[in-house]
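Enquirer: One structure is given below, represented as structure tokens, and several questions about it will come after.
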Amino acid sequence: MLLPHLIHDTVAALIHDTVTVLPVQDPGPFDDIAPRTPPGFQAIEQIVGYVQWIAGVSIVGLFFGGIVAASAGRLWDHHGSGRLGARMIVGSLALAVLFGLGYTLISQFAGTTAS
């Protein structure tokens, strides 16, 4: 264990002796350029909007489909359909929560700036 400590101390001393503090330099030419949106951003934004709309409609459809399946299963005494409908309702509610949280989290991450 003596040799690794000796090597570490020697290298640390050499690095400490050779490292100097550099003076603060002027900002580079790229620091003054404002960020711009890339070309085609509107098309990508439109596609993401369509996907969000489809996901929202699918969640609502799953909820009402679950209500229909659960009601039909209970009405005609078909227990498999009733349980499937109940699972569809609970699943649609969980998806709605995830859909809302996903939008909030992505908006939060997109709104923060690197410092």
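Chains: A, B, ... in order of the structure tokens. Residues: from 1 per chain. Ligands: from 1, in order shown.
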Which neighbours of Ala70 (chain A) fall inside 12 Å, counting only C-alpha atoms, when residues of the same chain fewer than 4 positions from it are skipped, and could you give them as a ChimeraX atom specification?
Expert: /A:62-66,74-90
Enquirer: Could you dump the residues just selected with C-alpha atoms as a PDB file, in the first residue's frame?
Expert:
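Output below, filename again.pdb:
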ATOM      1  CA  LEU A  62     -61.174   3.941 -23.526  1.00  0.00           C
ATOM      2  CA  PHE A  63     -63.044   5.395 -20.564  1.00  0.00           C
ATOM      3  CA  PHE A  64     -66.445   5.375 -22.270  1.00  0.00           C
ATOM      4  CA  GLY A  65     -65.753   1.989 -23.855  1.00  0.00           C
ATOM      5  CA  GLY A  66     -65.013   0.660 -20.379  1.00  0.00           C
ATOM      6  CA  ARG A  74     -73.275  -6.594 -15.598  1.00  0.00           C
ATOM      7  CA  LEU A  75     -76.542  -6.297 -17.515  1.00  0.00           C
ATOM      8  CA  TRP A  76     -76.234  -9.650 -19.323  1.00  0.00           C
ATOM      9  CA  ASP A  77     -74.414 -11.373 -16.459  1.00  0.00           C
ATOM     10  CA  HIS A  78     -71.160 -11.804 -18.360  1.00  0.00           C
ATOM     11  CA  HIS A  79     -68.533 -11.484 -15.646  1.00  0.00           C
ATOM     12  CA  GLY A  80     -65.539 -11.425 -17.990  1.00  0.00           C
ATOM     13  CA  SER A  81     -66.860  -8.412 -19.854  1.00  0.00           C
ATOM     14  CA  GLY A  82     -67.762  -6.659 -16.614  1.00  0.00           C
ATOM     15  CA  ARG A  83     -64.252  -7.131 -15.207  1.00  0.00           C
ATOM     16  CA  LEU A  84     -62.669  -6.074 -18.497  1.00  0.00           C
ATOM     17  CA  GLY A  85     -64.795  -2.909 -18.499  1.00  0.00           C
ATOM     18  CA  ALA A  86     -63.755  -2.110 -14.940  1.00  0.00           C
ATOM     19  CA  ARG A  87     -60.097  -2.572 -15.915  1.00  0.00           C
ATOM     20  CA  MET A  88     -60.598  -0.313 -18.919  1.00  0.00           C
ATOM     21  CA  ILE A  89     -62.075   2.429 -16.722  1.00  0.00           C
ATOM     22  CA  VAL A  90     -59.257   2.231 -14.176  1.00  0.00           C
TER      23      VAL A  90
END
Enquirer: Identify which of the residues A:Ile59, A:Ala72, A:Ile67, A:Ile44 lies closest to Leu93 (chain A), counting only C-alpha atoms when measuring atom-to-atom distances.
Expert: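 Checking each candidate against Leu93 (chain A), we get A:Ile59 as the closest.
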Enquirer: Quick one: of A:Ile7, A:Ala12, A:Gln108, A:Tyr103, who's nearest to Gly49 (chain A), counting only C-alpha atoms?
Expert: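 Looking only at the distances to Gly49 (chain A), the closest residue turns out to be A:Tyr103.
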Enquirer: Between CA of Ser92 (chain A) and CA of Ile47 (chain A), what distance in Å does the model show, to one decimal?
Expert: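 Taking CA of Ser92 (chain A) as the start and CA of Ile47 (chain A) as the end point, the length is 23.1 Å.
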Enquirer: So, with only C-alpha atoms as the atoms that count, which of A:Leu95, A:Leu101, A:Val11, A:Leu6 lies closest to Val57 (chain A)?
Expert: A:Leu95
